[in-house]
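Colleague: Enclosed is the structure file structure_16.pdb (PDB, C-alpha atoms and all ligand atoms).
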```pdb
ATOM      1  CA  MET A  11      97.791 145.542 146.861  1.00  0.00           C
ATOM      2  CA  ASN A  12     101.110 146.615 148.337  1.00  0.00           C
ATOM      3  CA  GLN A  13     102.907 146.587 145.011  1.00  0.00           C
ATOM      4  CA  THR A  14     102.817 150.172 143.850  1.00  0.00           C
ATOM      5  CA  ASP A  15     104.465 150.724 140.517  1.00  0.00           C
ATOM      6  CA  GLN A  16     106.395 153.974 140.431  1.00  0.00           C
ATOM      7  CA  SER A  17     108.303 153.335 137.246  1.00  0.00           C
ATOM      8  CA  GLN A  18     108.159 156.241 134.841  1.00  0.00           C
ATOM      9  CA  ILE A  19     107.624 155.900 131.138  1.00  0.00           C
ATOM     10  CA  LYS A  20     109.925 157.937 128.950  1.00  0.00           C
ATOM     11  CA  TRP A  21     107.825 159.108 126.037  1.00  0.00           C
ATOM     12  CA  CYS A  22     109.352 158.666 122.615  1.00  0.00           C
ATOM     13  CA  GLU A  23     108.229 160.158 119.318  1.00  0.00           C
ATOM     14  CA  LEU A  24     105.903 157.228 118.696  1.00  0.00           C
ATOM     15  CA  CYS A  25     104.266 157.753 122.113  1.00  0.00           C
ATOM     16  CA  ARG A  26     103.528 161.340 121.204  1.00  0.00           C
ATOM     17  CA  HIS A  27     102.346 160.399 117.726  1.00  0.00           C
ATOM     18  CA  LEU A  28     100.034 157.668 119.036  1.00  0.00           C
ATOM     19  CA  SER A  29      98.654 159.838 121.827  1.00  0.00           C
ATOM     20  CA  VAL A  30      97.775 162.597 119.356  1.00  0.00           C
ATOM     21  CA  LYS A  31      96.182 160.017 117.065  1.00  0.00           C
ATOM     22  CA  PHE A  32      94.185 158.579 119.962  1.00  0.00           C
ATOM     23  CA  ALA A  33      93.037 162.017 121.137  1.00  0.00           C
ATOM     24  CA  THR A  34      92.141 163.053 117.592  1.00  0.00           C
ATOM     25  CA  GLY A  35      90.262 159.800 117.011  1.00  0.00           C
ATOM     26  CA  ALA A  36      88.294 160.205 120.225  1.00  0.00           C
ATOM     27  CA  ARG A  37      87.447 163.791 119.324  1.00  0.00           C
ATOM     28  CA  LEU A  38      86.309 162.797 115.833  1.00  0.00           C
ATOM     29  CA  TYR A  39      84.123 160.125 117.371  1.00  0.00           C
ATOM     30  CA  ALA A  40      82.590 162.606 119.824  1.00  0.00           C
ATOM     31  CA  GLU A  41      81.959 165.032 116.977  1.00  0.00           C
ATOM     32  CA  ALA A  42      80.404 162.329 114.811  1.00  0.00           C
ATOM     33  CA  VAL A  43      78.067 161.353 117.661  1.00  0.00           C
ATOM     34  CA  ALA A  44      77.183 164.989 118.326  1.00  0.00           C
ATOM     35  CA  LEU A  45      76.446 165.446 114.616  1.00  0.00           C
ATOM     36  CA  LEU A  46      74.304 162.330 114.603  1.00  0.00           C
ATOM     37  CA  ALA A  47      72.377 163.305 117.716  1.00  0.00           C
ATOM     38  CA  ALA A  48      71.814 166.873 116.583  1.00  0.00           C
ATOM     39  CA  ASN A  49      70.870 166.142 112.993  1.00  0.00           C
ATOM     40  CA  ALA A  50      69.213 162.736 112.977  1.00  0.00           C
ATOM     41  CA  PRO A  51      65.695 164.101 113.703  1.00  0.00           C
ATOM     42  CA  THR A  52      65.873 166.400 110.692  1.00  0.00           C
ATOM     43  CA  LYS A  53      67.343 163.881 108.271  1.00  0.00           C
ATOM     44  CA  SER A  54      65.964 161.201 106.024  1.00  0.00           C
ATOM     45  CA  TRP A  55      66.465 157.568 106.989  1.00  0.00           C
ATOM     46  CA  SER A  56      69.295 157.060 104.512  1.00  0.00           C
ATOM     47  CA  GLU A  57      71.039 160.217 105.708  1.00  0.00           C
ATOM     48  CA  TYR A  58      70.583 159.074 109.302  1.00  0.00           C
ATOM     49  CA  LYS A  59      72.150 155.735 108.407  1.00  0.00           C
ATOM     50  CA  ARG A  60      75.046 157.547 106.773  1.00  0.00           C
ATOM     51  CA  LEU A  61      75.683 159.595 109.932  1.00  0.00           C
ATOM     52  CA  LEU A  62      75.352 156.471 112.055  1.00  0.00           C
ATOM     53  CA  HIS A  63      77.839 154.655 109.863  1.00  0.00           C
ATOM     54  CA  ALA A  64      80.259 157.595 110.063  1.00  0.00           C
ATOM     55  CA  ALA A  65      79.988 157.572 113.866  1.00  0.00           C
ATOM     56  CA  GLU A  66      80.616 153.818 113.925  1.00  0.00           C
ATOM     57  CA  GLU A  67      83.679 154.216 111.718  1.00  0.00           C
ATOM     58  CA  ALA A  68      84.986 156.983 113.985  1.00  0.00           C
ATOM     59  CA  ARG A  69      84.423 154.805 117.038  1.00  0.00           C
ATOM     60  CA  ARG A  70      86.394 151.955 115.495  1.00  0.00           C
ATOM     61  CA  GLY A  71      89.196 154.304 114.527  1.00  0.00           C
ATOM     62  CA  SER A  72      89.318 155.771 118.011  1.00  0.00           C
ATOM     63  CA  GLU A  73      89.336 152.311 119.572  1.00  0.00           C
ATOM     64  CA  ALA A  74      92.110 151.073 117.306  1.00  0.00           C
ATOM     65  CA  ALA A  75      94.191 154.159 118.068  1.00  0.00           C
ATOM     66  CA  GLY A  76      93.582 153.639 121.791  1.00  0.00           C
ATOM     67  CA  ILE A  77      94.705 150.020 121.617  1.00  0.00           C
ATOM     68  CA  ALA A  78      97.824 150.916 119.633  1.00  0.00           C
ATOM     69  CA  PHE A  79      98.639 153.651 122.148  1.00  0.00           C
ATOM     70  CA  GLU A  80      98.136 151.377 125.137  1.00  0.00           C
ATOM     71  CA  GLU A  81     100.105 148.527 123.636  1.00  0.00           C
ATOM     72  CA  HIS A  82     102.975 150.823 122.814  1.00  0.00           C
ATOM     73  CA  LEU A  83     103.052 152.267 126.338  1.00  0.00           C
ATOM     74  CA  SER A  84     102.933 148.739 127.742  1.00  0.00           C
ATOM     75  CA  SER A  85     105.984 147.825 125.696  1.00  0.00           C
ATOM     76  CA  HIS A  86     107.794 150.779 127.289  1.00  0.00           C
ATOM     77  CA  HIS A  87     106.665 149.644 130.711  1.00  0.00           C
ATOM     78  CA  GLU A  88     107.971 146.127 130.124  1.00  0.00           C
ATOM     79  CA  THR A  89     111.293 147.531 128.988  1.00  0.00           C
ATOM     80  CA  VAL A  90     111.501 149.589 132.205  1.00  0.00           C
ATOM     81  CA  GLN A  91     110.751 146.521 134.304  1.00  0.00           C
ATOM     82  CA  ARG A  92     113.348 144.426 132.491  1.00  0.00           C
ATOM     83  CA  SER A  93     116.088 147.034 132.863  1.00  0.00           C
ATOM     84  CA  THR A  94     115.190 147.553 136.528  1.00  0.00           C
ATOM     85  CA  ARG A  95     115.535 143.862 137.144  1.00  0.00           C
ATOM     86  CA  ALA A  96     118.797 143.674 135.212  1.00  0.00           C
ATOM     87  CA  THR A  97     120.455 146.499 137.114  1.00  0.00           C
ATOM     88  CA  GLY A  98     118.890 145.739 140.503  1.00  0.00           C
TER      89      GLY A  98
HETATM   90 ZN    ZN A 101     107.096 155.308 122.992  1.00  0.00          ZN
END
```
Rewrite the structure from the file as structure tokens, please.

Modeller:
Amino acid sequence: MNQTDQSQIKWCELCRHLSVKFATGARLYAEAVALLAANAPTKSWSEYKRLLHAAEEARRGSEAAGIAFEEHLSSHHETVQRSTRATG
């Protein structure tokens, strides 16, 4: 555990775009869950299922955005490591 990684990631436009998408996706998911939790007791079964489905969809979207964001940042990180090795 003595390998601390201090390399900085330079954020590009895609980083920013993906981070906003990830944050928005996570917020939509949280809102969908809040809507489900708050309204499910007052709704019919079919309406409950609709809210549940919407929350599931939001969760998948948030997850996909998170993976895309992480993968993109990892690609930056690998680029940093390669260039460090090349110049060092
Ligand atoms: Zn980037």

Colleague: What residues come out when you apply the PyMOL selection byres (((not hetatm)) within 8 of (chain A and resi 101)) to this file, written as a VMD selection string?

Modeller: chain A and resid 20 to 26 82 to 83 86

Colleague: May I have the residues within 10 Å of Arg60 of chain A as number ranges by chain, using only C-alpha atoms and disregarding those fewer than 5 positions away in the same chain?

Modeller: A: 46, 50, 54-55, 65-66

Colleague: Find the spatial neighbours of Ser72 of chain A, counting all atoms listed in the file, within a cut-off of 7 Å - ignore same-chain residues fewer than 6 positions away - and output them as a ChimeraX atom specification.

Modeller: /A:32,35-36,39

Colleague: Which neighbours of Gln91 of chain A fall inside 10 Å, counting all atoms listed in the file, when residues of the same chain fewer than 5 positions from it are skipped, and could you give them as a VMD selection string?

Modeller: chain A and resid 15 17 85 to 86 96

Colleague: Please return the centre and edge lengths, in Å to one decimal, of a box with edges along x, y and z that contains all listed atoms of segment 29-47 of chain A, widened by 4 Å on every side, as lines of an AutoDock Vina configuration file.

Modeller:
```
center_x = 85.5
center_y = 162.0
center_z = 118.2
size_x = 34.3
size_y = 14.9
size_z = 15.2
```

Colleague: Just give me the gap between atom CA of Arg70 of chain A and atom CA of Lys31 of chain A in Å, one decimal is fine.

Modeller: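 Interatomic distance, atom CA of Arg70 of chain A to atom CA of Lys31 of chain A: 12.8 Å.
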
Colleague: Please compute the atom CA of Ala78 of chain A-atom CA of Leu28 of chain A distance, one decimal, in Å.

Modeller: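 It comes out at 7.1 Å.
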
Colleague: Do you have the atom CA of Glu73 of chain A-atom CA of Val30 of chain A distance handy?

Modeller: 13.3 Å

Colleague: I need segment 40-73 of chain A from the structure I supplied, saved as a compact mmCIF listing (two decimals), in the first residue's frame with N, CA and C atoms retained.

Modeller:
```txt
# COMPACT_ATOMS: atom_id res chain seq x y z
N ALA A 40 -33.09 9.23 -7.65
CA ALA A 40 -33.50 9.57 -6.29
C ALA A 40 -34.92 10.14 -6.27
N GLU A 41 -35.22 10.97 -7.25
CA GLU A 41 -36.55 11.57 -7.32
C GLU A 41 -37.61 10.52 -7.62
N ALA A 42 -37.26 9.58 -8.51
CA ALA A 42 -38.21 8.52 -8.86
C ALA A 42 -38.50 7.64 -7.65
N VAL A 43 -37.46 7.36 -6.85
CA VAL A 43 -37.64 6.55 -5.65
C VAL A 43 -38.47 7.31 -4.62
N ALA A 44 -38.19 8.60 -4.47
CA ALA A 44 -38.93 9.43 -3.53
C ALA A 44 -40.41 9.47 -3.92
N LEU A 45 -40.66 9.60 -5.22
CA LEU A 45 -42.02 9.62 -5.75
C LEU A 45 -42.72 8.30 -5.47
N LEU A 46 -42.00 7.23 -5.69
CA LEU A 46 -42.54 5.89 -5.46
C LEU A 46 -42.88 5.70 -3.98
N ALA A 47 -41.92 6.05 -3.13
CA ALA A 47 -42.12 5.85 -1.69
C ALA A 47 -43.25 6.71 -1.14
N ALA A 48 -43.35 7.93 -1.66
CA ALA A 48 -44.35 8.85 -1.13
C ALA A 48 -45.75 8.53 -1.65
N ASN A 49 -45.83 8.04 -2.88
CA ASN A 49 -47.13 7.89 -3.50
C ASN A 49 -47.68 6.47 -3.57
N ALA A 50 -46.79 5.49 -3.43
CA ALA A 50 -47.23 4.10 -3.58
C ALA A 50 -48.43 3.75 -2.70
N PRO A 51 -48.46 4.19 -1.43
CA PRO A 51 -49.59 3.79 -0.57
C PRO A 51 -50.93 4.34 -1.04
N THR A 52 -50.91 5.41 -1.81
CA THR A 52 -52.16 6.02 -2.24
C THR A 52 -52.57 5.60 -3.64
N LYS A 53 -51.72 4.78 -4.28
CA LYS A 53 -51.97 4.46 -5.68
C LYS A 53 -52.56 3.06 -5.85
N SER A 54 -53.11 2.85 -7.01
CA SER A 54 -53.56 1.51 -7.38
C SER A 54 -52.35 0.65 -7.69
N TRP A 55 -52.56 -0.65 -7.79
CA TRP A 55 -51.46 -1.58 -8.05
C TRP A 55 -50.78 -1.25 -9.38
N SER A 56 -51.58 -1.01 -10.41
CA SER A 56 -50.99 -0.74 -11.72
C SER A 56 -50.20 0.57 -11.73
N GLU A 57 -50.70 1.55 -10.98
CA GLU A 57 -49.98 2.82 -10.88
C GLU A 57 -48.69 2.64 -10.07
N TYR A 58 -48.78 1.82 -9.04
CA TYR A 58 -47.58 1.50 -8.26
C TYR A 58 -46.53 0.83 -9.15
N LYS A 59 -46.98 -0.12 -9.97
CA LYS A 59 -46.06 -0.81 -10.86
C LYS A 59 -45.43 0.16 -11.86
N ARG A 60 -46.21 1.13 -12.29
CA ARG A 60 -45.70 2.12 -13.24
C ARG A 60 -44.59 2.96 -12.58
N LEU A 61 -44.82 3.37 -11.34
CA LEU A 61 -43.82 4.15 -10.61
C LEU A 61 -42.57 3.31 -10.35
N LEU A 62 -42.80 2.04 -10.02
CA LEU A 62 -41.69 1.13 -9.77
C LEU A 62 -40.84 0.96 -11.03
N HIS A 63 -41.54 0.79 -12.15
CA HIS A 63 -40.86 0.63 -13.42
C HIS A 63 -40.05 1.89 -13.76
N ALA A 64 -40.65 3.06 -13.52
CA ALA A 64 -39.97 4.32 -13.79
C ALA A 64 -38.71 4.45 -12.93
N ALA A 65 -38.81 4.02 -11.67
CA ALA A 65 -37.65 4.08 -10.78
C ALA A 65 -36.56 3.12 -11.26
N GLU A 66 -36.97 1.95 -11.72
CA GLU A 66 -36.02 0.96 -12.24
C GLU A 66 -35.29 1.51 -13.47
N GLU A 67 -36.06 2.11 -14.36
CA GLU A 67 -35.49 2.71 -15.57
C GLU A 67 -34.48 3.79 -15.20
N ALA A 68 -34.84 4.62 -14.22
CA ALA A 68 -33.96 5.70 -13.79
C ALA A 68 -32.68 5.13 -13.17
N ARG A 69 -32.83 4.03 -12.43
CA ARG A 69 -31.66 3.41 -11.82
C ARG A 69 -30.71 2.89 -12.90
N ARG A 70 -31.28 2.25 -13.91
CA ARG A 70 -30.44 1.74 -15.00
C ARG A 70 -29.74 2.87 -15.73
N GLY A 71 -30.48 3.95 -15.97
CA GLY A 71 -29.88 5.09 -16.65
C GLY A 71 -28.75 5.70 -15.85
N SER A 72 -28.97 5.82 -14.54
CA SER A 72 -27.96 6.37 -13.66
C SER A 72 -26.72 5.47 -13.62
N GLU A 73 -26.95 4.17 -13.57
CA GLU A 73 -25.85 3.22 -13.54
C GLU A 73 -25.03 3.28 -14.83
```
